[in-house]
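What's in upload21.cif: mmCIF, N, CA and C atoms
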```
data_input
#
loop_
_atom_site.label_atom_id
_atom_site.label_comp_id
_atom_site.auth_asym_id
_atom_site.auth_seq_id
_atom_site.Cartn_x
_atom_site.Cartn_y
_atom_site.Cartn_z
N ASP A 1 50.01 27.34 28.67
CA ASP A 1 50.08 28.24 27.53
C ASP A 1 50.58 27.54 26.27
N ASP A 2 51.28 26.40 26.44
CA ASP A 2 51.71 25.64 25.26
C ASP A 2 50.51 25.17 24.46
N GLY A 3 49.47 24.72 25.17
CA GLY A 3 48.27 24.25 24.49
C GLY A 3 47.59 25.36 23.70
N VAL A 4 47.56 26.55 24.26
CA VAL A 4 46.96 27.69 23.57
C VAL A 4 47.78 28.05 22.33
N LYS A 5 49.10 28.01 22.46
CA LYS A 5 49.96 28.30 21.31
C LYS A 5 49.74 27.29 20.19
N LEU A 6 49.62 26.02 20.56
CA LEU A 6 49.34 24.99 19.56
C LEU A 6 47.98 25.23 18.90
N PHE A 7 47.01 25.61 19.72
CA PHE A 7 45.68 25.91 19.19
C PHE A 7 45.75 27.05 18.17
N GLU A 8 46.46 28.10 18.52
CA GLU A 8 46.57 29.25 17.62
C GLU A 8 47.30 28.90 16.32
N ARG A 9 48.31 28.06 16.44
CA ARG A 9 49.10 27.70 15.27
C ARG A 9 48.33 26.78 14.32
N HIS A 10 47.59 25.82 14.86
CA HIS A 10 46.97 24.79 14.02
C HIS A 10 45.48 24.99 13.78
N GLU A 11 44.82 25.78 14.61
CA GLU A 11 43.38 26.04 14.50
C GLU A 11 42.57 24.75 14.28
N PRO A 12 42.64 23.82 15.22
CA PRO A 12 41.93 22.55 15.06
C PRO A 12 40.41 22.71 15.17
N HIS A 13 39.71 21.74 14.64
CA HIS A 13 38.26 21.69 14.78
C HIS A 13 37.85 20.90 16.02
N VAL A 14 38.77 20.07 16.53
CA VAL A 14 38.52 19.22 17.69
C VAL A 14 39.72 19.29 18.62
N ILE A 15 39.44 19.37 19.91
CA ILE A 15 40.50 19.31 20.92
C ILE A 15 40.10 18.25 21.94
N VAL A 16 41.03 17.34 22.22
CA VAL A 16 40.84 16.34 23.28
C VAL A 16 41.77 16.75 24.41
N VAL A 17 41.19 17.00 25.58
CA VAL A 17 41.94 17.53 26.70
C VAL A 17 42.05 16.50 27.81
N ASP A 18 43.26 16.36 28.34
CA ASP A 18 43.50 15.61 29.56
C ASP A 18 43.56 16.65 30.67
N LEU A 19 42.95 16.38 31.78
CA LEU A 19 42.91 17.38 32.86
C LEU A 19 44.23 17.53 33.58
N SER A 20 45.08 16.51 33.54
CA SER A 20 46.37 16.57 34.21
C SER A 20 47.45 16.89 33.20
N LEU A 21 47.85 18.15 33.14
CA LEU A 21 48.88 18.58 32.21
C LEU A 21 50.18 18.83 32.96
N ARG A 22 51.27 18.77 32.24
CA ARG A 22 52.58 18.99 32.83
C ARG A 22 52.65 20.36 33.51
N ARG A 23 52.17 21.35 32.80
CA ARG A 23 52.12 22.71 33.35
C ARG A 23 50.70 23.21 33.24
N GLY A 24 50.11 23.47 34.36
CA GLY A 24 48.75 23.99 34.35
C GLY A 24 47.71 22.89 34.40
N SER A 25 46.53 23.26 34.00
CA SER A 25 45.39 22.37 34.10
C SER A 25 44.65 22.31 32.78
N GLY A 26 44.11 21.17 32.47
CA GLY A 26 43.28 21.05 31.28
C GLY A 26 42.06 21.95 31.38
N LEU A 27 41.59 22.16 32.58
CA LEU A 27 40.45 23.03 32.80
C LEU A 27 40.79 24.47 32.39
N GLY A 28 41.97 24.91 32.75
CA GLY A 28 42.42 26.23 32.34
C GLY A 28 42.56 26.35 30.84
N LEU A 29 43.04 25.30 30.21
CA LEU A 29 43.17 25.29 28.75
C LEU A 29 41.81 25.43 28.08
N ILE A 30 40.82 24.71 28.59
CA ILE A 30 39.47 24.80 28.03
C ILE A 30 38.97 26.24 28.10
N GLN A 31 39.14 26.85 29.26
CA GLN A 31 38.69 28.23 29.45
C GLN A 31 39.39 29.18 28.47
N LYS A 32 40.69 29.02 28.30
CA LYS A 32 41.44 29.90 27.40
C LYS A 32 41.03 29.69 25.94
N VAL A 33 40.81 28.45 25.56
CA VAL A 33 40.38 28.18 24.18
C VAL A 33 39.01 28.81 23.94
N ARG A 34 38.09 28.65 24.87
CA ARG A 34 36.75 29.20 24.69
C ARG A 34 36.76 30.73 24.63
N LEU A 35 37.69 31.36 25.32
CA LEU A 35 37.78 32.82 25.30
C LEU A 35 38.48 33.34 24.05
N HIS A 36 39.19 32.45 23.35
CA HIS A 36 39.91 32.84 22.14
C HIS A 36 38.91 33.15 21.04
N GLU A 37 39.23 34.10 20.18
CA GLU A 37 38.31 34.50 19.11
C GLU A 37 37.95 33.35 18.17
N LYS A 38 38.81 32.34 18.05
CA LYS A 38 38.53 31.20 17.17
C LYS A 38 38.14 29.95 17.95
N GLY A 39 37.90 30.09 19.25
CA GLY A 39 37.61 28.93 20.08
C GLY A 39 36.15 28.60 20.26
N GLU A 40 35.29 29.42 19.74
CA GLU A 40 33.86 29.23 19.97
C GLU A 40 33.31 27.98 19.28
N ASP A 41 33.77 27.68 18.08
CA ASP A 41 33.21 26.58 17.30
C ASP A 41 33.99 25.28 17.40
N VAL A 42 35.02 25.26 18.23
CA VAL A 42 35.85 24.06 18.38
C VAL A 42 35.11 23.04 19.26
N LEU A 43 35.14 21.79 18.84
CA LEU A 43 34.60 20.71 19.66
C LEU A 43 35.64 20.37 20.72
N VAL A 44 35.30 20.58 21.99
CA VAL A 44 36.23 20.33 23.09
C VAL A 44 35.73 19.14 23.90
N MET A 45 36.59 18.12 23.97
CA MET A 45 36.25 16.91 24.72
C MET A 45 37.31 16.65 25.79
N VAL A 46 36.85 16.30 26.97
CA VAL A 46 37.75 15.91 28.05
C VAL A 46 37.73 14.39 28.11
N LEU A 47 38.92 13.80 28.13
CA LEU A 47 39.07 12.35 28.27
C LEU A 47 39.87 12.12 29.54
N THR A 48 39.25 11.49 30.54
CA THR A 48 39.88 11.42 31.85
C THR A 48 39.50 10.15 32.61
N ASN A 49 40.33 9.83 33.59
CA ASN A 49 40.02 8.76 34.54
C ASN A 49 39.32 9.31 35.77
N HIS A 50 39.26 10.62 35.89
CA HIS A 50 38.69 11.30 37.06
C HIS A 50 37.28 11.75 36.72
N THR A 51 36.31 10.89 36.98
CA THR A 51 34.96 11.13 36.49
C THR A 51 33.97 11.56 37.58
N VAL A 52 34.47 12.19 38.63
CA VAL A 52 33.56 12.66 39.68
C VAL A 52 32.68 13.77 39.15
N GLN A 53 31.46 13.86 39.65
CA GLN A 53 30.48 14.81 39.15
C GLN A 53 30.94 16.27 39.27
N ALA A 54 31.62 16.61 40.36
CA ALA A 54 32.06 17.99 40.54
C ALA A 54 33.03 18.39 39.43
N LEU A 55 33.89 17.48 39.04
CA LEU A 55 34.84 17.76 37.97
C LEU A 55 34.13 17.87 36.62
N ARG A 56 33.17 17.00 36.41
CA ARG A 56 32.35 17.05 35.18
C ARG A 56 31.68 18.42 35.08
N HIS A 57 31.07 18.87 36.16
CA HIS A 57 30.37 20.17 36.15
C HIS A 57 31.34 21.32 35.92
N ALA A 58 32.53 21.25 36.51
CA ALA A 58 33.54 22.30 36.32
C ALA A 58 33.97 22.37 34.85
N CYS A 59 34.14 21.20 34.23
CA CYS A 59 34.54 21.17 32.81
C CYS A 59 33.42 21.70 31.92
N GLU A 60 32.20 21.34 32.22
CA GLU A 60 31.08 21.85 31.44
C GLU A 60 30.95 23.37 31.60
N ALA A 61 31.16 23.86 32.81
CA ALA A 61 31.10 25.31 33.05
C ALA A 61 32.22 26.03 32.30
N ALA A 62 33.36 25.37 32.16
CA ALA A 62 34.50 25.96 31.44
C ALA A 62 34.28 25.96 29.93
N GLY A 63 33.38 25.09 29.47
CA GLY A 63 33.06 25.08 28.05
C GLY A 63 33.31 23.78 27.31
N CYS A 64 33.57 22.69 28.02
CA CYS A 64 33.77 21.44 27.28
C CYS A 64 32.43 20.93 26.76
N ASP A 65 32.48 20.29 25.61
CA ASP A 65 31.27 19.75 24.99
C ASP A 65 30.97 18.34 25.47
N TYR A 66 32.02 17.55 25.71
CA TYR A 66 31.85 16.17 26.15
C TYR A 66 32.87 15.87 27.23
N PHE A 67 32.45 15.16 28.25
CA PHE A 67 33.29 14.73 29.36
C PHE A 67 33.27 13.20 29.33
N LEU A 68 34.37 12.58 28.91
CA LEU A 68 34.38 11.14 28.64
C LEU A 68 35.33 10.39 29.56
N ASP A 69 34.92 9.20 29.93
CA ASP A 69 35.69 8.32 30.81
C ASP A 69 36.69 7.52 29.96
N LYS A 70 37.99 7.64 30.30
CA LYS A 70 39.02 6.89 29.56
C LYS A 70 38.78 5.39 29.60
N ALA A 71 38.23 4.91 30.70
CA ALA A 71 38.07 3.46 30.88
C ALA A 71 36.96 2.87 30.02
N SER A 72 35.98 3.69 29.63
CA SER A 72 34.84 3.09 28.94
C SER A 72 34.32 3.85 27.72
N GLU A 73 34.86 5.05 27.44
CA GLU A 73 34.25 5.84 26.38
C GLU A 73 35.20 6.27 25.25
N VAL A 74 36.29 5.55 25.08
CA VAL A 74 37.22 5.88 24.00
C VAL A 74 36.55 5.69 22.63
N ASP A 75 35.75 4.65 22.49
CA ASP A 75 35.04 4.44 21.22
C ASP A 75 34.09 5.59 20.92
N ARG A 76 33.44 6.10 21.95
CA ARG A 76 32.55 7.26 21.76
C ARG A 76 33.35 8.48 21.31
N LEU A 77 34.50 8.67 21.90
CA LEU A 77 35.38 9.77 21.49
C LEU A 77 35.70 9.67 20.01
N LEU A 78 36.08 8.49 19.57
CA LEU A 78 36.42 8.29 18.16
C LEU A 78 35.20 8.53 17.26
N ASP A 79 34.04 8.09 17.70
CA ASP A 79 32.82 8.32 16.93
C ASP A 79 32.52 9.81 16.81
N LEU A 80 32.69 10.55 17.90
CA LEU A 80 32.43 11.99 17.87
C LEU A 80 33.40 12.71 16.94
N ILE A 81 34.65 12.29 16.94
CA ILE A 81 35.64 12.88 16.03
C ILE A 81 35.27 12.55 14.59
N GLN A 82 34.84 11.34 14.34
CA GLN A 82 34.45 10.93 12.99
C GLN A 82 33.27 11.76 12.49
N VAL A 83 32.28 11.95 13.33
CA VAL A 83 31.11 12.75 12.95
C VAL A 83 31.52 14.17 12.63
N ARG A 84 32.37 14.77 13.47
CA ARG A 84 32.82 16.14 13.23
C ARG A 84 33.60 16.21 11.91
N SER A 85 34.40 15.18 11.67
CA SER A 85 35.18 15.14 10.43
C SER A 85 34.26 15.08 9.20
N GLU A 86 33.22 14.30 9.29
CA GLU A 86 32.29 14.17 8.18
C GLU A 86 31.51 15.46 7.94
N LEU A 87 31.27 16.22 9.01
CA LEU A 87 30.56 17.50 8.88
C LEU A 87 31.46 18.57 8.29
N GLY A 88 32.78 18.36 8.42
CA GLY A 88 33.73 19.29 7.87
C GLY A 88 33.84 20.60 8.64
N THR A 89 33.45 20.56 9.91
CA THR A 89 33.54 21.77 10.74
C THR A 89 34.38 21.53 11.96
#
```
Entire entry expressed as structure tokens:
Amino acid sequence: DDGVKLFERHEPHVIVVDLSLRRGSGLGLIQKVRLHEKGEDVLVMVLTNHTVQALRHACEAAGCDYFLDKASEVDRLLDLIQVRSELGT
């Protein structure tokens, strides 16, 4: 719920989610953000070391836009954030 509170307070255009959170799950956070009235247009990206297909599918079903591997796709994450920033949305 801390993540949702931060989302409500700051209304970000991009959220980068780690699936292993201190309390709860990044998957649950994605679901809550997507259900929020202002969560529909947010770019949600998962950055993780756990890249099994079942987890990827669960994140996509929850509403993540990109599922990225920490070991090899950090540059792609930065590029996606840059593009969103340039679009201003």
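Distance annotation: of A:Val17, A:Leu87, A:Leu27, A:Met45, the residue with the minimal separation from Ala58 in chain A is A:Leu27; atom set is only N, CA and C atoms.
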Neighbour list for range 4-16 of chain A as a list of chain:residue names, cut-off 5 Å, only N, CA and C atoms, skip fewer than 5 positions in-chain: A:Val42, A:Leu43, A:Val44, A:Met45, A:Thr89
To one decimal in Å, tell me the separation between CA of Asp69 in chain A and CA of Asp1 in chain A. 24.8 Å
Residues of chain A in helix (DSSP H, G or I), written as JSON, numbers by chain: {"A": [2, 3, 4, 5, 6, 7, 8, 9, 10, 26, 27, 28, 29, 30, 31, 32, 33, 34, 35, 53, 54, 55, 56, 57, 58, 59, 60, 61, 62, 74, 75, 76, 77, 78, 79, 80, 81, 82, 83, 84, 85, 86, 87]}
Rounded to one decimal in Å, what is the spacing between CA of Leu80 in chain A and CA of Asp41 in chain A? 14.6 Å
What does the structure give for the distance between CA of Glu73 in chain A and CA of Leu47 in chain A, in Å to one decimal?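 Answer for the CA of Glu73 in chain A to CA of Leu47 in chain A separation: 8.3 Å.
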Applied to the shown file, which residues does the PyMOL selection byres ((chain A and resi 30-37) around 7) return, written as a PyMOL selection string? chain A and resi 4+25-29+38-40+62-64
Could the residues in this selection be written to a file with N, CA and C atoms, as an mmCIF file, in the coordinates of the input?
```cif
data_model
loop_
_atom_site.group_PDB
_atom_site.id
_atom_site.type_symbol
_atom_site.label_atom_id
_atom_site.label_comp_id
_atom_site.auth_asym_id
_atom_site.auth_seq_id
_atom_site.Cartn_x
_atom_site.Cartn_y
_atom_site.Cartn_z
ATOM 1 N N VAL A 4 47.560 26.550 24.260
ATOM 2 C CA VAL A 4 46.960 27.690 23.570
ATOM 3 C C VAL A 4 47.780 28.050 22.330
ATOM 4 N N SER A 25 46.530 23.260 34.000
ATOM 5 C CA SER A 25 45.390 22.370 34.100
ATOM 6 C C SER A 25 44.650 22.310 32.780
ATOM 7 N N GLY A 26 44.110 21.170 32.470
ATOM 8 C CA GLY A 26 43.280 21.050 31.280
ATOM 9 C C GLY A 26 42.060 21.950 31.380
ATOM 10 N N LEU A 27 41.590 22.160 32.580
ATOM 11 C CA LEU A 27 40.450 23.030 32.800
ATOM 12 C C LEU A 27 40.790 24.470 32.390
ATOM 13 N N GLY A 28 41.970 24.910 32.750
ATOM 14 C CA GLY A 28 42.420 26.230 32.340
ATOM 15 C C GLY A 28 42.560 26.350 30.840
ATOM 16 N N LEU A 29 43.040 25.300 30.210
ATOM 17 C CA LEU A 29 43.170 25.290 28.750
ATOM 18 C C LEU A 29 41.810 25.430 28.080
ATOM 19 N N LYS A 38 38.810 32.340 18.050
ATOM 20 C CA LYS A 38 38.530 31.200 17.170
ATOM 21 C C LYS A 38 38.140 29.950 17.950
ATOM 22 N N GLY A 39 37.900 30.090 19.250
ATOM 23 C CA GLY A 39 37.610 28.930 20.080
ATOM 24 C C GLY A 39 36.150 28.600 20.260
ATOM 25 N N GLU A 40 35.290 29.420 19.740
ATOM 26 C CA GLU A 40 33.860 29.230 19.970
ATOM 27 C C GLU A 40 33.310 27.980 19.280
ATOM 28 N N ALA A 62 33.360 25.370 32.160
ATOM 29 C CA ALA A 62 34.500 25.960 31.440
ATOM 30 C C ALA A 62 34.280 25.960 29.930
ATOM 31 N N GLY A 63 33.380 25.090 29.470
ATOM 32 C CA GLY A 63 33.060 25.080 28.050
ATOM 33 C C GLY A 63 33.310 23.780 27.310
ATOM 34 N N CYS A 64 33.570 22.690 28.020
ATOM 35 C CA CYS A 64 33.770 21.440 27.280
ATOM 36 C C CYS A 64 32.430 20.930 26.760
#
```
Nearest residue to Tyr66 in chain A from the set A:Glu86, A:Asp18, A:Val46, A:Gln53 (distances using all atoms listed in the file):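 Of all the options, A:Val46 lies closest to Tyr66 in chain A.
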Leu68 in chain A environment, 8 Å, only N, CA and C atoms, sequence neighbours closer than 3 positions dropped, as a compact mmCIF listing (two decimals) with N, CA and C atoms, in the frame of the given file:
```txt
# COMPACT_ATOMS: atom_id res chain seq x y z
N MET A 45 36.59 18.12 23.97
CA MET A 45 36.25 16.91 24.72
C MET A 45 37.31 16.65 25.79
N VAL A 46 36.85 16.30 26.97
CA VAL A 46 37.75 15.91 28.05
C VAL A 46 37.73 14.39 28.11
N LEU A 47 38.92 13.80 28.13
CA LEU A 47 39.07 12.35 28.27
C LEU A 47 39.87 12.12 29.54
N THR A 48 39.25 11.49 30.54
CA THR A 48 39.88 11.42 31.85
C THR A 48 39.50 10.15 32.61
N ASN A 49 40.33 9.83 33.59
CA ASN A 49 40.02 8.76 34.54
C ASN A 49 39.32 9.31 35.77
N HIS A 50 39.26 10.62 35.89
CA HIS A 50 38.69 11.30 37.06
C HIS A 50 37.28 11.75 36.72
N THR A 51 36.31 10.89 36.98
CA THR A 51 34.96 11.13 36.49
C THR A 51 33.97 11.56 37.58
N ARG A 56 33.17 17.00 36.41
CA ARG A 56 32.35 17.05 35.18
C ARG A 56 31.68 18.42 35.08
N ASP A 65 32.48 20.29 25.61
CA ASP A 65 31.27 19.75 24.99
C ASP A 65 30.97 18.34 25.47
N ALA A 71 38.23 4.91 30.70
CA ALA A 71 38.07 3.46 30.88
C ALA A 71 36.96 2.87 30.02
N SER A 72 35.98 3.69 29.63
CA SER A 72 34.84 3.09 28.94
C SER A 72 34.32 3.85 27.72
N GLU A 73 34.86 5.05 27.44
CA GLU A 73 34.25 5.84 26.38
C GLU A 73 35.20 6.27 25.25
N VAL A 74 36.29 5.55 25.08
CA VAL A 74 37.22 5.88 24.00
C VAL A 74 36.55 5.69 22.63
N ARG A 76 33.44 6.10 21.95
CA ARG A 76 32.55 7.26 21.76
C ARG A 76 33.35 8.48 21.31
N LEU A 77 34.50 8.67 21.90
CA LEU A 77 35.38 9.77 21.49
C LEU A 77 35.70 9.67 20.01
```
Nearest to Cys59 in chain A: which of A:Gln82, A:Asp75, A:Gly88, A:Leu19 is it, counting only C-alpha atoms?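 Counting only C-alpha atoms, the residue closest to Cys59 in chain A is A:Leu19.
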Among chain A, which residues does DSSP mark as strand (DSSP E) when it is run on the backbone? Keep the chain and numbering as in the structure and answer as a ChimeraX atom specification. /A:14-17,43-48,66-69
Would you save the residues from that selection as an mmCIF file, in the coordinates of the input, using N, CA and C atoms?
```cif
data_model
loop_
_atom_site.group_PDB
_atom_site.id
_atom_site.type_symbol
_atom_site.label_atom_id
_atom_site.label_comp_id
_atom_site.auth_asym_id
_atom_site.auth_seq_id
_atom_site.Cartn_x
_atom_site.Cartn_y
_atom_site.Cartn_z
ATOM 1 N N VAL A 14 38.770 20.070 16.530
ATOM 2 C CA VAL A 14 38.520 19.220 17.690
ATOM 3 C C VAL A 14 39.720 19.290 18.620
ATOM 4 N N ILE A 15 39.440 19.370 19.910
ATOM 5 C CA ILE A 15 40.500 19.310 20.920
ATOM 6 C C ILE A 15 40.100 18.250 21.940
ATOM 7 N N VAL A 16 41.030 17.340 22.220
ATOM 8 C CA VAL A 16 40.840 16.340 23.280
ATOM 9 C C VAL A 16 41.770 16.750 24.410
ATOM 10 N N VAL A 17 41.190 17.000 25.580
ATOM 11 C CA VAL A 17 41.940 17.530 26.700
ATOM 12 C C VAL A 17 42.050 16.500 27.810
ATOM 13 N N LEU A 43 35.140 21.790 18.840
ATOM 14 C CA LEU A 43 34.600 20.710 19.660
ATOM 15 C C LEU A 43 35.640 20.370 20.720
ATOM 16 N N VAL A 44 35.300 20.580 21.990
ATOM 17 C CA VAL A 44 36.230 20.330 23.090
ATOM 18 C C VAL A 44 35.730 19.140 23.900
ATOM 19 N N MET A 45 36.590 18.120 23.970
ATOM 20 C CA MET A 45 36.250 16.910 24.720
ATOM 21 C C MET A 45 37.310 16.650 25.790
ATOM 22 N N VAL A 46 36.850 16.300 26.970
ATOM 23 C CA VAL A 46 37.750 15.910 28.050
ATOM 24 C C VAL A 46 37.730 14.390 28.110
ATOM 25 N N LEU A 47 38.920 13.800 28.130
ATOM 26 C CA LEU A 47 39.070 12.350 28.270
ATOM 27 C C LEU A 47 39.870 12.120 29.540
ATOM 28 N N THR A 48 39.250 11.490 30.540
ATOM 29 C CA THR A 48 39.880 11.420 31.850
ATOM 30 C C THR A 48 39.500 10.150 32.610
ATOM 31 N N TYR A 66 32.020 17.550 25.710
ATOM 32 C CA TYR A 66 31.850 16.170 26.150
ATOM 33 C C TYR A 66 32.870 15.870 27.230
ATOM 34 N N PHE A 67 32.450 15.160 28.250
ATOM 35 C CA PHE A 67 33.290 14.730 29.360
ATOM 36 C C PHE A 67 33.270 13.200 29.330
ATOM 37 N N LEU A 68 34.370 12.580 28.910
ATOM 38 C CA LEU A 68 34.380 11.140 28.640
ATOM 39 C C LEU A 68 35.330 10.390 29.560
ATOM 40 N N ASP A 69 34.920 9.200 29.930
ATOM 41 C CA ASP A 69 35.690 8.320 30.810
ATOM 42 C C ASP A 69 36.690 7.520 29.960
#
```
Work out where the centre of an axis-aligned box around every listed atom of range 2-18 of chain A lies and how long its edges are once 8 Å is added on each side; give both in Å to one decimal as AutoDock Vina command-line options.
```
--center_x 44.8 --center_y 22.4 --center_z 22.2 --size_x 29.9 --size_y 29.6 --size_z 32.9
```
